[in-house]
$ cat input-v3.txt   # compact mmCIF, C-alpha atoms
# COMPACT_ATOMS: atom_id res chain seq x y z
CA MET A 1087 0.00 0.00 0.00
CA TYR A 1088 2.86 2.35 0.89
CA VAL A 1089 4.61 1.53 -2.40
CA LYS A 1090 1.43 2.28 -4.34
CA LYS A 1091 1.17 5.69 -2.67
CA ILE A 1092 4.77 6.53 -3.58
CA THR A 1093 4.19 5.40 -7.17
CA LEU A 1094 1.03 7.49 -7.43
CA SER A 1095 2.82 10.52 -5.98
CA LEU A 1096 5.68 10.14 -8.47
CA PHE A 1097 3.16 9.83 -11.33
CA ILE A 1098 1.39 13.03 -10.24
CA LEU A 1099 4.73 14.85 -10.01
CA CYS A 1100 5.69 13.67 -13.49
CA VAL A 1101 2.37 14.84 -14.94
CA ALA A 1102 2.75 18.21 -13.25
CA PHE A 1103 6.32 18.55 -14.55
CA VAL A 1104 5.35 17.71 -18.13
CA GLY A 1105 2.39 20.08 -17.96
CA ALA A 1106 4.62 22.88 -16.69
CA ALA A 1107 7.18 22.21 -19.43
CA GLN A 1108 4.49 22.33 -22.11
CA GLN A 1109 3.06 25.52 -20.67
CA LYS A 1110 6.52 27.06 -20.69
CA ARG A 1111 7.08 26.01 -24.27
CA LYS A 1112 3.83 27.53 -25.52
CA VAL A 1113 1.82 30.19 -23.71
CA LYS A 1114 -1.76 31.07 -24.60
CA TYR A 1115 -3.51 34.24 -23.52
CA VAL A 1116 -6.25 36.56 -24.72
CA ASP A 1117 -5.09 39.91 -26.06
CA ILE A 1118 -8.50 41.38 -26.79
CA SER A 1119 -11.92 40.42 -25.50
CA HIS A 1120 -14.82 42.75 -26.23
CA SER A 1121 -17.73 42.25 -23.87
CA ASN A 1122 -20.19 43.78 -26.32
CA SER A 1123 -19.15 41.58 -29.25
CA LYS A 1124 -17.74 38.17 -30.06
CA GLU A 1125 -14.36 39.53 -31.14
CA THR A 1126 -11.41 37.84 -29.45
CA THR A 1127 -7.72 37.52 -30.18
CA HIS A 1128 -5.55 34.69 -28.87
CA THR A 1129 -1.77 34.92 -29.12
CA PHE A 1130 0.54 31.91 -28.75
CA LEU A 1131 4.16 32.45 -27.67
CA ASP A 1132 7.17 30.16 -27.47
CA SER A 1133 9.33 29.80 -24.36
CA ASN A 1134 11.34 32.89 -25.36
CA GLY A 1135 8.25 35.05 -25.60
CA ARG A 1136 8.33 35.11 -29.41
CA LYS A 1137 5.03 35.14 -31.25
CA ILE A 1138 4.14 31.80 -32.84
CA SER A 1139 0.60 32.41 -34.01
CA VAL A 1140 -2.41 34.67 -33.53
CA LYS A 1141 -6.02 33.53 -33.88
CA GLN A 1142 -8.66 36.21 -34.21
CA THR A 1143 -12.42 35.76 -34.26
CA ILE A 1144 -14.35 38.83 -35.45
CA PHE A 1145 -17.86 37.34 -35.43
CA ASP A 1146 -19.55 33.98 -35.93
CA GLY A 1147 -18.36 32.37 -39.14
CA PHE A 1148 -15.26 34.55 -39.58
CA ASN A 1149 -11.84 33.94 -38.11
CA SER A 1150 -8.22 34.22 -39.11
CA ILE A 1151 -5.06 32.46 -37.98
CA VAL A 1152 -1.67 34.09 -38.54
CA THR A 1153 1.63 32.27 -37.96
CA TYR A 1154 5.11 33.76 -37.71
CA THR A 1155 8.71 32.76 -38.43
CA PRO A 1156 11.27 32.51 -35.59
CA THR A 1157 12.46 36.02 -36.53
CA GLY A 1158 8.97 37.50 -36.18
CA LYS A 1159 8.05 37.72 -39.86
CA LYS A 1160 4.53 36.83 -40.90
CA LYS A 1161 4.54 33.30 -42.34
CA THR A 1162 0.96 32.28 -43.10
CA THR A 1163 -2.49 33.87 -42.91
CA GLU A 1164 -5.50 31.58 -42.97
CA MET A 1165 -8.96 33.12 -43.31
CA ASN A 1166 -12.25 31.30 -42.83
CA PHE A 1167 -15.51 33.01 -43.77
CA ASP A 1168 -18.93 31.83 -44.91
CA GLY A 1169 -17.74 28.41 -46.05
CA THR A 1170 -14.56 29.63 -47.71
CA ARG A 1171 -11.05 28.87 -46.50
CA ASP A 1172 -8.07 30.77 -47.91
CA LEU A 1173 -4.38 30.54 -47.08
CA TRP A 1174 -1.71 33.16 -47.83
CA THR A 1175 1.91 32.04 -47.42
CA ASN A 1176 4.98 34.31 -47.32
CA PHE A 1177 8.40 33.04 -48.43
CA TYR A 1178 11.68 34.69 -47.42
CA ASP A 1179 15.32 34.49 -48.46
CA ALA A 1180 18.30 33.94 -46.15
CA HIS A 1181 18.26 37.66 -45.27
CA ASP A 1182 14.58 37.64 -44.27
CA ASN A 1183 13.50 39.52 -47.39
CA LEU A 1184 10.04 38.64 -48.68
CA THR A 1185 10.51 36.87 -52.03
CA ARG A 1186 7.09 35.40 -52.80
CA LEU A 1187 3.47 35.49 -51.66
CA GLU A 1188 1.35 32.46 -52.53
CA TYR A 1189 -2.42 32.04 -52.34
CA TYR A 1190 -4.28 28.76 -51.83
CA ASN A 1191 -8.01 28.06 -51.66
CA PHE A 1192 -8.89 24.86 -49.78
CA ILE A 1193 -12.39 24.58 -51.22
CA ASN A 1194 -11.56 24.46 -54.93
CA ASN A 1195 -7.88 23.49 -54.56
CA THR A 1196 -6.65 26.65 -56.33
CA ARG A 1197 -3.07 27.83 -55.89
CA PHE A 1198 -1.13 30.68 -57.51
CA VAL A 1199 1.69 33.13 -56.87
CA ALA A 1200 0.15 36.48 -55.97
CA SER A 1201 3.37 38.51 -55.93
CA SER A 1202 7.15 38.13 -56.15
CA TYR A 1203 10.11 40.32 -55.16
CA THR A 1204 13.83 40.64 -55.93
CA TYR A 1205 16.61 42.48 -54.08
CA ASP A 1206 20.17 43.68 -54.61
CA ASN A 1207 23.18 42.65 -52.48
CA LYS A 1208 22.28 45.41 -50.01
CA ASN A 1209 18.79 43.92 -49.46
CA ARG A 1210 17.12 46.80 -51.29
CA GLN A 1211 14.04 45.89 -53.26
CA LEU A 1212 14.63 45.94 -57.01
CA THR A 1213 11.35 44.57 -58.34
CA ARG A 1214 7.84 43.85 -57.14
CA ALA A 1215 5.55 41.88 -59.44
CA GLU A 1216 1.84 41.20 -58.89
CA TYR A 1217 -0.14 38.49 -60.69
CA ASP A 1218 -3.78 37.56 -61.20
CA GLY A 1219 -5.30 34.14 -60.49
CA ARG A 1220 -4.20 32.87 -63.91
CA GLY A 1221 -0.57 33.78 -63.32
CA GLN A 1222 -0.69 36.77 -65.65
CA LEU A 1223 1.49 39.71 -64.65
CA GLN A 1224 -0.68 42.70 -63.69
CA ASN A 1225 1.69 45.16 -62.04
CA LEU A 1226 5.46 45.53 -62.05
CA LYS A 1227 7.51 47.98 -60.02
CA THR A 1228 11.25 48.36 -60.68
CA THR A 1229 13.66 50.51 -58.71
CA VAL A 1230 17.18 51.63 -59.64
CA TYR A 1231 19.60 52.90 -56.98
CA ASP A 1232 22.67 55.05 -57.46
CA ASP A 1233 25.72 55.51 -55.22
CA VAL A 1234 24.18 58.30 -53.14
CA LYS A 1235 21.05 56.28 -52.28
CA ASN A 1236 18.78 58.13 -54.67
CA THR A 1237 16.22 56.00 -56.44
CA ASP A 1238 14.43 56.01 -59.75
CA THR A 1239 11.30 53.91 -59.91
CA SER A 1240 9.20 52.68 -62.80
CA VAL A 1241 5.74 51.13 -62.41
CA TRP A 1242 3.58 49.56 -65.07
CA SER A 1243 0.09 48.22 -64.53
CA TYR A 1244 -3.30 47.60 -66.14
CA ASN A 1245 -6.32 49.79 -65.47
CA LEU A 1246 -9.99 48.72 -65.43
CA LEU A 1247 -10.14 49.12 -69.22
CA HIS A 1248 -7.20 46.71 -69.55
CA GLN A 1249 -5.00 49.52 -70.80
CA LYS A 1250 -1.35 49.29 -69.88
CA SER A 1251 0.21 52.32 -68.20
CA ILE A 1252 3.84 53.03 -67.37
CA SER A 1253 4.84 55.64 -64.80
CA LYS A 1254 8.29 56.80 -63.75
CA PHE A 1255 9.10 58.39 -60.39
CA ASP A 1256 12.14 60.40 -59.31
CA HIS A 1257 14.20 59.70 -56.18
CA LYS A 1258 11.78 61.82 -54.14
CA GLY A 1259 8.80 59.69 -55.14
CA ASN A 1260 7.32 62.27 -57.53
CA GLU A 1261 5.75 60.93 -60.71
CA VAL A 1262 7.61 62.55 -63.61
CA PHE A 1263 5.82 60.92 -66.54
CA ARG A 1264 2.98 58.55 -67.34
CA GLU A 1265 2.39 56.71 -70.59
CA LEU A 1266 -0.85 54.93 -71.52
CA TYR A 1267 -1.05 52.15 -74.11
CA GLU A 1268 -3.70 50.33 -76.07
CA GLY A 1269 -2.00 47.23 -77.35
CA ASN A 1270 1.43 48.43 -78.49
CA ASP A 1271 0.25 51.96 -79.34
CA THR A 1272 0.73 54.96 -77.06
CA VAL A 1273 -2.59 56.76 -76.61
CA ALA A 1274 -1.59 59.27 -73.94
CA TYR A 1275 1.65 60.70 -72.60
CA THR A 1276 1.77 63.00 -69.56
CA THR A 1277 4.73 64.71 -67.89
CA PHE A 1278 4.90 66.38 -64.46
CA LYS A 1279 7.19 68.98 -62.90
CA TYR A 1280 7.65 69.94 -59.23
CA ASP A 1281 9.17 72.78 -57.25
CA GLU A 1282 11.81 72.44 -54.53
CA LYS A 1283 9.10 71.53 -52.02
CA ASN A 1284 7.85 68.66 -54.22
CA ARG A 1285 4.66 70.52 -55.11
CA GLN A 1286 3.38 69.83 -58.62
CA ILE A 1287 3.71 72.95 -60.74
CA GLU A 1288 3.16 71.58 -64.22
CA LYS A 1289 1.27 68.78 -65.93
CA LYS A 1290 1.14 68.42 -69.69

$ encode --input "input-v3.txt" --output "structure tokens"
Amino acid sequence: MYVKKITLSLFILCVAFVGAAQQKRKVKYVDISHSNSKETTHTFLDSNGRKISVKQTIFDGFNSIVTYTPTGKKKTTEMNFDGTRDLWTNFYDAHDNLTRLEYYNFINNTRFVASSYTYDNKNRQLTRAEYDGRGQLQNLKTTVYDDVKNTDTSVWSYNLLHQKSISKFDHKGNEVFRELYEGNDTVAYTTFKYDEKNRQIEKK
């Protein structure tokens, strides 16, 4: 009988120890709880206090779960609403630069690359490309850097009429020209000028 009591006590201690270790490894607590609504946010941390994931419920039928990399970058975002279930996944290079964003729909098994990014050897973004659900390029931003950290940026995209436009920006972020195409033909060309305070003074 005495041996059984010792064995039971050791078992209880072991269970308590394992439970404490698991609790230390992953902590759950509520960040936000609104008494007048069903909105809640639960954040999960690792033993070092780093964010692992966040689950947010806005109202019945809608919730999102966001996970993070060990360095704190957003890794995945899963959204559930009205019978749909979508997953957005971020991919990073060895320097923690975002290189690709992928979309996946669990219901119809659809997957595509939503955007992609490239960088120079100083981790400065060179290009940002955005795609539609068919993989067709819709927007492209390119940036050129010089030795004094000035930048020149070009952006081309499609408008609602499926016309292609190309804009160029100076190192201050001011749009200096815009060109509009229909097919391969230029249908409009606009230039802009600015004063020393970056206020637009001319458009033609």

$ residues_around --input "input-v3.txt" --residues "range 1216-1229 of chain A" --least-positions-apart "4" --cutoff "12 Å" --atoms "all atoms listed in the file" --output "PyMOL selection string"
chain A and resi 1185-1191+1196-1206+1210-1212+1235-1246+1248-1257+1259

$ write_last_selection --input "input-v3.txt" --atoms "C-alpha atoms" --output "CSV table (one decimal), in the coordinates of the input"
chain,number,residue,atom,x,y,z
A,1185,THR,CA,10.5,36.9,-52.0
A,1186,ARG,CA,7.1,35.4,-52.8
A,1187,LEU,CA,3.5,35.5,-51.7
A,1188,GLU,CA,1.4,32.5,-52.5
A,1189,TYR,CA,-2.4,32.0,-52.3
A,1190,TYR,CA,-4.3,28.8,-51.8
A,1191,ASN,CA,-8.0,28.1,-51.7
A,1196,THR,CA,-6.6,26.6,-56.3
A,1197,ARG,CA,-3.1,27.8,-55.9
A,1198,PHE,CA,-1.1,30.7,-57.5
A,1199,VAL,CA,1.7,33.1,-56.9
A,1200,ALA,CA,0.2,36.5,-56.0
A,1201,SER,CA,3.4,38.5,-55.9
A,1202,SER,CA,7.2,38.1,-56.2
A,1203,TYR,CA,10.1,40.3,-55.2
A,1204,THR,CA,13.8,40.6,-55.9
A,1205,TYR,CA,16.6,42.5,-54.1
A,1206,ASP,CA,20.2,43.7,-54.6
A,1210,ARG,CA,17.1,46.8,-51.3
A,1211,GLN,CA,14.0,45.9,-53.3
A,1212,LEU,CA,14.6,45.9,-57.0
A,1235,LYS,CA,21.0,56.3,-52.3
A,1236,ASN,CA,18.8,58.1,-54.7
A,1237,THR,CA,16.2,56.0,-56.4
A,1238,ASP,CA,14.4,56.0,-59.8
A,1239,THR,CA,11.3,53.9,-59.9
A,1240,SER,CA,9.2,52.7,-62.8
A,1241,VAL,CA,5.7,51.1,-62.4
A,1242,TRP,CA,3.6,49.6,-65.1
A,1243,SER,CA,0.1,48.2,-64.5
A,1244,TYR,CA,-3.3,47.6,-66.1
A,1245,ASN,CA,-6.3,49.8,-65.5
A,1246,LEU,CA,-10.0,48.7,-65.4
A,1248,HIS,CA,-7.2,46.7,-69.6
A,1249,GLN,CA,-5.0,49.5,-70.8
A,1250,LYS,CA,-1.4,49.3,-69.9
A,1251,SER,CA,0.2,52.3,-68.2
A,1252,ILE,CA,3.8,53.0,-67.4
A,1253,SER,CA,4.8,55.6,-64.8
A,1254,LYS,CA,8.3,56.8,-63.8
A,1255,PHE,CA,9.1,58.4,-60.4
A,1256,ASP,CA,12.1,60.4,-59.3
A,1257,HIS,CA,14.2,59.7,-56.2
A,1259,GLY,CA,8.8,59.7,-55.1

$ atom_distance --input "input-v3.txt" --atom1 "CA of Phe1177 in chain A" --atom2 "CA of His1128 in chain A"
24.1 Å

$ closest_residue --input "input-v3.txt" --among "A:Lys1159, A:Lys1258, A:Asn1134, A:Asn1195" --to "Leu1173 in chain A" --atoms "all atoms listed in the file"
A:Asn1195

$ closest_residue --input "input-v3.txt" --among "A:Pro1156, A:Thr1162, A:Gly1169, A:Leu1247" --to "Asp1182 in chain A" --atoms "all atoms listed in the file"
A:Pro1156

$ closest_residue --input "input-v3.txt" --among "A:Thr1272, A:Thr1153, A:Asn1284, A:Asn1194" --to "Asn1260 in chain A" --atoms "all atoms listed in the file"
A:Asn1284

$ atom_distance --input "input-v3.txt" --atom1 "CA of Lys1137 in chain A" --atom2 "CA of Thr1155 in chain A"
8.4 Å
